[in-house]
Amino acid sequence: MSQMHNVESQLREMILGLEIGPGERLTERWIESRFGASRTPVRAALLRLETEGLICRDGRGWTVSPINLAELEQIAVYREAVEVAALRLTCALEDRSGVDVIEAMLDSCDAATPREEWHRVGMDFHIELARLSANEFLFRAVRDAMTRLSRARWLEVRDEAALSRAWAEHHAILAAMRTGNADEAARQLSAHIVGSRDRLVTSLRNDRRGLRARGFAVVAA
């Protein structure tokens, strides 16, 4: 792996995992020292992360992008369009056995499962659901949208009730897909996306002061 890809990959993981918090400043010198990389690959990695919306320029330096409540609402609208389209394609397939694989992935999480794994599986549920459609463009769209949501969803997995609700909704979506009932599956998926958005935005809005105290920047627009 090249220096640029190594820096990009590790920085992305640190940002998405909230090891580097929203609003935290980054300097090229710190990154060079942290990863043992030279300036050119560090700058190339930063530019790539900028295109993903994970960091933004701050004068001569860089800042980890704040969690933007307006963006979360916009992503939900986008997700509903592309995820429902992918789901309908999957429901039209004769072979929907991939649904069983996704259900087994959900069932692998229990009380002993670390929160990190719950977070990953919750993200992968939507990504793998889109993959079943066999439409590469829809799959990439969902994957990219879930990446943009990753940091906010990390904050959501702290809530046991929210996790239980999400898993129940995931199973309901799969049950409708298994029978090929596209309309019911689409209704369940839309309600899940909209409900998750509303709960997440409300939670973040109500907890902005507490998040700021932890050094996390949350903005309304």
# chains A, B, ... in the order shown; residues from 1 in each chain; ligands from 1

call {"tool": "closest_atom_pairs", "arguments": {"of": "segment 81-109 of chain A", "to": "segment 121-130 of chain A", "cutoff": "10 Å", "atoms": "only C-alpha atoms", "output": "CSV"}}
result
residue,atom,partner,partner_atom,distance
A:Val82,CA,A:Ala130,CA,8.5
A:Glu83,CA,A:Ala130,CA,6.4
A:Val84,CA,A:Ala130,CA,8.9
A:Ala85,CA,A:Ala130,CA,8.8
A:Ala86,CA,A:Ala130,CA,5.4
A:Leu87,CA,A:Ala130,CA,6.7
A:Arg88,CA,A:Ala130,CA,10.0
A:Leu89,CA,A:Ala130,CA,9.2
A:Thr90,CA,A:Ala130,CA,8.3
A:Gly98,CA,A:Leu129,CA,8.5
A:Val99,CA,A:Leu129,CA,7.8
A:Val101,CA,A:Glu128,CA,9.4
A:Ile102,CA,A:Phe125,CA,6.6
A:Glu103,CA,A:Phe125,CA,8.7
A:Met105,CA,A:Val121,CA,7.0
A:Leu106,CA,A:Val121,CA,6.7
A:Asp107,CA,A:Val121,CA,9.9
A:Ser108,CA,A:Val121,CA,9.0
A:Cys109,CA,A:Val121,CA,8.2

call {"tool": "residues_around", "arguments": {"residues": "segment 51-58 of chain A", "least_positions_apart": "3", "cutoff": "10 Å", "atoms": "only C-alpha atoms", "output": "PDB file with N, CA and C atoms, in the first residue's frame"}}
result
ATOM      1  N   LEU A  11      -6.523   7.659   8.455  1.00  0.00           N
ATOM      2  CA  LEU A  11      -7.206   8.891   8.873  1.00  0.00           C
ATOM      3  C   LEU A  11      -8.719   8.728   8.762  1.00  0.00           C
ATOM      4  N   ARG A  12      -9.172   8.114   7.674  1.00  0.00           N
ATOM      5  CA  ARG A  12     -10.609   7.895   7.488  1.00  0.00           C
ATOM      6  C   ARG A  12     -11.159   7.064   8.643  1.00  0.00           C
ATOM      7  N   ILE A  15     -11.390   9.138  11.791  1.00  0.00           N
ATOM      8  CA  ILE A  15     -12.469  10.139  11.740  1.00  0.00           C
ATOM      9  C   ILE A  15     -13.825   9.464  11.873  1.00  0.00           C
ATOM     10  N   LEU A  16     -14.049   8.377  11.127  1.00  0.00           N
ATOM     11  CA  LEU A  16     -15.340   7.704  11.166  1.00  0.00           C
ATOM     12  C   LEU A  16     -15.590   7.047  12.519  1.00  0.00           C
ATOM     13  N   PRO A  22     -15.408  15.445  15.373  1.00  0.00           N
ATOM     14  CA  PRO A  22     -15.901  16.514  14.488  1.00  0.00           C
ATOM     15  C   PRO A  22     -15.486  17.880  15.013  1.00  0.00           C
ATOM     16  N   GLY A  23     -14.903  18.703  14.146  1.00  0.00           N
ATOM     17  CA  GLY A  23     -14.454  20.029  14.534  1.00  0.00           C
ATOM     18  C   GLY A  23     -13.007  20.089  14.987  1.00  0.00           C
ATOM     19  N   GLU A  24     -12.357  18.934  15.120  1.00  0.00           N
ATOM     20  CA  GLU A  24     -10.961  18.912  15.579  1.00  0.00           C
ATOM     21  C   GLU A  24     -10.029  19.344  14.454  1.00  0.00           C
ATOM     22  N   ARG A  25      -9.036  20.139  14.810  1.00  0.00           N
ATOM     23  CA  ARG A  25      -8.085  20.631  13.814  1.00  0.00           C
ATOM     24  C   ARG A  25      -7.023  19.584  13.513  1.00  0.00           C
ATOM     25  N   LEU A  26      -6.589  19.574  12.252  1.00  0.00           N
ATOM     26  CA  LEU A  26      -5.520  18.692  11.791  1.00  0.00           C
ATOM     27  C   LEU A  26      -4.425  19.539  11.166  1.00  0.00           C
ATOM     28  N   THR A  27      -3.197  19.151  11.391  1.00  0.00           N
ATOM     29  CA  THR A  27      -2.084  19.819  10.726  1.00  0.00           C
ATOM     30  C   THR A  27      -1.297  18.786   9.925  1.00  0.00           C
ATOM     31  N   LEU A  46      -5.243  14.075   2.183  1.00  0.00           N
ATOM     32  CA  LEU A  46      -6.168  15.085   2.705  1.00  0.00           C
ATOM     33  C   LEU A  46      -7.136  15.559   1.623  1.00  0.00           C
ATOM     34  N   LEU A  47      -6.636  15.709   0.424  1.00  0.00           N
ATOM     35  CA  LEU A  47      -7.505  16.140  -0.676  1.00  0.00           C
ATOM     36  C   LEU A  47      -8.578  15.096  -0.967  1.00  0.00           C
ATOM     37  N   ARG A  48      -8.215  13.829  -0.876  1.00  0.00           N
ATOM     38  CA  ARG A  48      -9.192  12.766  -1.120  1.00  0.00           C
ATOM     39  C   ARG A  48     -10.251  12.738  -0.018  1.00  0.00           C
ATOM     40  N   GLY A  61      -4.675  25.242   7.458  1.00  0.00           N
ATOM     41  CA  GLY A  61      -4.761  23.890   7.987  1.00  0.00           C
ATOM     42  C   GLY A  61      -6.042  23.200   7.569  1.00  0.00           C
ATOM     43  N   TRP A  62      -6.398  22.198   8.345  1.00  0.00           N
ATOM     44  CA  TRP A  62      -7.584  21.394   8.048  1.00  0.00           C
ATOM     45  C   TRP A  62      -8.374  21.163   9.321  1.00  0.00           C
ATOM     46  N   THR A  63      -9.677  20.950   9.167  1.00  0.00           N
ATOM     47  CA  THR A  63     -10.548  20.647  10.294  1.00  0.00           C
ATOM     48  C   THR A  63     -11.436  19.464   9.928  1.00  0.00           C
ATOM     49  N   VAL A  64     -11.632  18.566  10.875  1.00  0.00           N
ATOM     50  CA  VAL A  64     -12.581  17.479  10.647  1.00  0.00           C
ATOM     51  C   VAL A  64     -13.978  18.101  10.542  1.00  0.00           C
ATOM     52  N   SER A  65     -14.686  17.778   9.499  1.00  0.00           N
ATOM     53  CA  SER A  65     -15.999  18.387   9.265  1.00  0.00           C
ATOM     54  C   SER A  65     -16.936  18.129  10.444  1.00  0.00           C
ATOM     55  N   PRO A  66     -17.675  19.155  10.854  1.00  0.00           N
ATOM     56  CA  PRO A  66     -18.656  18.947  11.930  1.00  0.00           C
ATOM     57  C   PRO A  66     -19.788  18.054  11.455  1.00  0.00           C
ATOM     58  N   ILE A  67     -20.507  17.468  12.400  1.00  0.00           N
ATOM     59  CA  ILE A  67     -21.720  16.734  12.053  1.00  0.00           C
ATOM     60  C   ILE A  67     -22.791  17.763  11.734  1.00  0.00           C
ATOM     61  N   ASP A 144     -21.765   4.933  -0.269  1.00  0.00           N
ATOM     62  CA  ASP A 144     -21.217   6.265  -0.028  1.00  0.00           C
ATOM     63  C   ASP A 144     -22.070   7.050   0.972  1.00  0.00           C
ATOM     64  N   THR A 147     -21.369   5.806   4.445  1.00  0.00           N
ATOM     65  CA  THR A 147     -20.078   6.313   4.930  1.00  0.00           C
ATOM     66  C   THR A 147     -20.235   7.716   5.498  1.00  0.00           C
ATOM     67  N   ARG A 148     -21.003   8.559   4.801  1.00  0.00           N
ATOM     68  CA  ARG A 148     -21.225   9.922   5.282  1.00  0.00           C
ATOM     69  C   ARG A 148     -21.977   9.938   6.611  1.00  0.00           C
ATOM     70  N   ARG A 151     -20.292   8.592  11.287  1.00  0.00           N
ATOM     71  CA  ARG A 151     -19.960   9.238  12.569  1.00  0.00           C
ATOM     72  C   ARG A 151     -21.207   9.482  13.402  1.00  0.00           C
TER      73      ARG A 151
END

call {"tool": "atom_distance", "arguments": {"atom1": "atom CA of Met4 of chain A", "atom2": "atom CA of Gly17 of chain A"}}
result
19.8 Å

call {"tool": "residues_around", "arguments": {"residues": "Phe35 of chain A", "least_positions_apart": "4", "cutoff": "9 Å", "atoms": "only C-alpha atoms", "output": "PyMOL selection string"}}
result
chain A and resi 3+6-7+10+30-31

call {"tool": "atom_distance", "arguments": {"atom1": "atom CA of Ser164 of chain A", "atom2": "atom CA of Ser196 of chain A"}}
result
12.1 Å

call {"tool": "closest_residue", "arguments": {"among": "A:His171, A:Arg178, A:His119, A:Arg205", "to": "Ala104 of chain A", "atoms": "only C-alpha atoms"}}
result
A:His171

call {"tool": "residues_around", "arguments": {"residues": "Arg187 of chain A", "least_positions_apart": "5", "cutoff": "9 Å", "atoms": "only C-alpha atoms", "output": "VMD selection string"}}
result
chain A and resid 84 173 182 192

call {"tool": "atom_distance", "arguments": {"atom1": "atom CA of Ala166 of chain A", "atom2": "atom CA of Arg212 of chain A"}}
result
26.4 Å

call {"tool": "closest_residue", "arguments": {"among": "A:Gly195, A:Ile20, A:Asn181, A:Ala44", "to": "Ala92 of chain A", "atoms": "only C-alpha atoms"}}
result
A:Asn181

call {"tool": "decode", "arguments": {"residues": "segment 67-123 of chain A", "atoms": "C-alpha atoms", "output": "mmCIF file, in the first residue's frame"}}
result
data_model
loop_
_atom_site.group_PDB
_atom_site.id
_atom_site.type_symbol
_atom_site.label_atom_id
_atom_site.label_comp_id
_atom_site.auth_asym_id
_atom_site.auth_seq_id
_atom_site.Cartn_x
_atom_site.Cartn_y
_atom_site.Cartn_z
ATOM 1 C CA ILE A 67 -21.720 16.734 12.053
ATOM 2 C CA ASN A 68 -24.227 18.704 10.020
ATOM 3 C CA LEU A 69 -27.879 18.207 10.971
ATOM 4 C CA ALA A 70 -29.146 19.620 7.669
ATOM 5 C CA GLU A 71 -26.914 17.187 5.774
ATOM 6 C CA LEU A 72 -28.297 14.262 7.775
ATOM 7 C CA GLU A 73 -31.806 15.231 6.711
ATOM 8 C CA GLN A 74 -30.762 15.573 3.064
ATOM 9 C CA ILE A 75 -28.959 12.221 3.083
ATOM 10 C CA ALA A 76 -32.113 10.532 4.364
ATOM 11 C CA VAL A 77 -34.089 11.803 1.359
ATOM 12 C CA TYR A 78 -31.347 10.557 -0.972
ATOM 13 C CA ARG A 79 -31.129 7.214 0.805
ATOM 14 C CA GLU A 80 -34.863 6.632 0.633
ATOM 15 C CA ALA A 81 -34.831 7.107 -3.135
ATOM 16 C CA VAL A 82 -31.854 4.869 -3.913
ATOM 17 C CA GLU A 83 -32.417 2.186 -1.270
ATOM 18 C CA VAL A 84 -36.065 1.687 -2.175
ATOM 19 C CA ALA A 85 -35.097 1.459 -5.854
ATOM 20 C CA ALA A 86 -32.505 -1.215 -5.043
ATOM 21 C CA LEU A 87 -34.968 -3.098 -2.830
ATOM 22 C CA ARG A 88 -37.616 -3.218 -5.562
ATOM 23 C CA LEU A 89 -35.077 -4.695 -7.991
ATOM 24 C CA THR A 90 -34.200 -7.372 -5.452
ATOM 25 C CA CYS A 91 -37.855 -8.233 -4.782
ATOM 26 C CA ALA A 92 -38.310 -8.843 -8.512
ATOM 27 C CA LEU A 93 -35.560 -11.493 -8.548
ATOM 28 C CA GLU A 94 -36.442 -15.181 -8.525
ATOM 29 C CA ASP A 95 -33.489 -15.962 -6.265
ATOM 30 C CA ARG A 96 -33.666 -13.888 -3.079
ATOM 31 C CA SER A 97 -31.560 -16.243 -0.965
ATOM 32 C CA GLY A 98 -29.172 -13.376 -0.213
ATOM 33 C CA VAL A 99 -31.818 -12.145 2.252
ATOM 34 C CA ASP A 100 -31.010 -15.130 4.478
ATOM 35 C CA VAL A 101 -27.323 -14.203 4.541
ATOM 36 C CA ILE A 102 -28.154 -10.657 5.670
ATOM 37 C CA GLU A 103 -30.510 -11.989 8.351
ATOM 38 C CA ALA A 104 -27.749 -14.250 9.666
ATOM 39 C CA MET A 105 -25.484 -11.203 9.843
ATOM 40 C CA LEU A 106 -28.076 -9.415 12.002
ATOM 41 C CA ASP A 107 -28.520 -12.477 14.210
ATOM 42 C CA SER A 108 -24.768 -12.628 14.873
ATOM 43 C CA CYS A 109 -25.137 -9.663 17.252
ATOM 44 C CA ASP A 110 -26.109 -10.348 20.857
ATOM 45 C CA ALA A 111 -25.624 -8.888 24.338
ATOM 46 C CA ALA A 112 -21.931 -9.825 24.319
ATOM 47 C CA THR A 113 -21.239 -8.165 20.960
ATOM 48 C CA PRO A 114 -19.104 -4.991 21.166
ATOM 49 C CA ARG A 115 -20.746 -1.731 20.149
ATOM 50 C CA GLU A 116 -18.220 -1.439 17.316
ATOM 51 C CA GLU A 117 -19.630 -4.614 15.751
ATOM 52 C CA TRP A 118 -23.246 -3.483 16.173
ATOM 53 C CA HIS A 119 -22.282 -0.283 14.373
ATOM 54 C CA ARG A 120 -20.591 -2.153 11.519
ATOM 55 C CA VAL A 121 -23.432 -4.630 11.054
ATOM 56 C CA GLY A 122 -26.026 -1.855 11.111
ATOM 57 C CA MET A 123 -24.162 -0.077 8.336
#
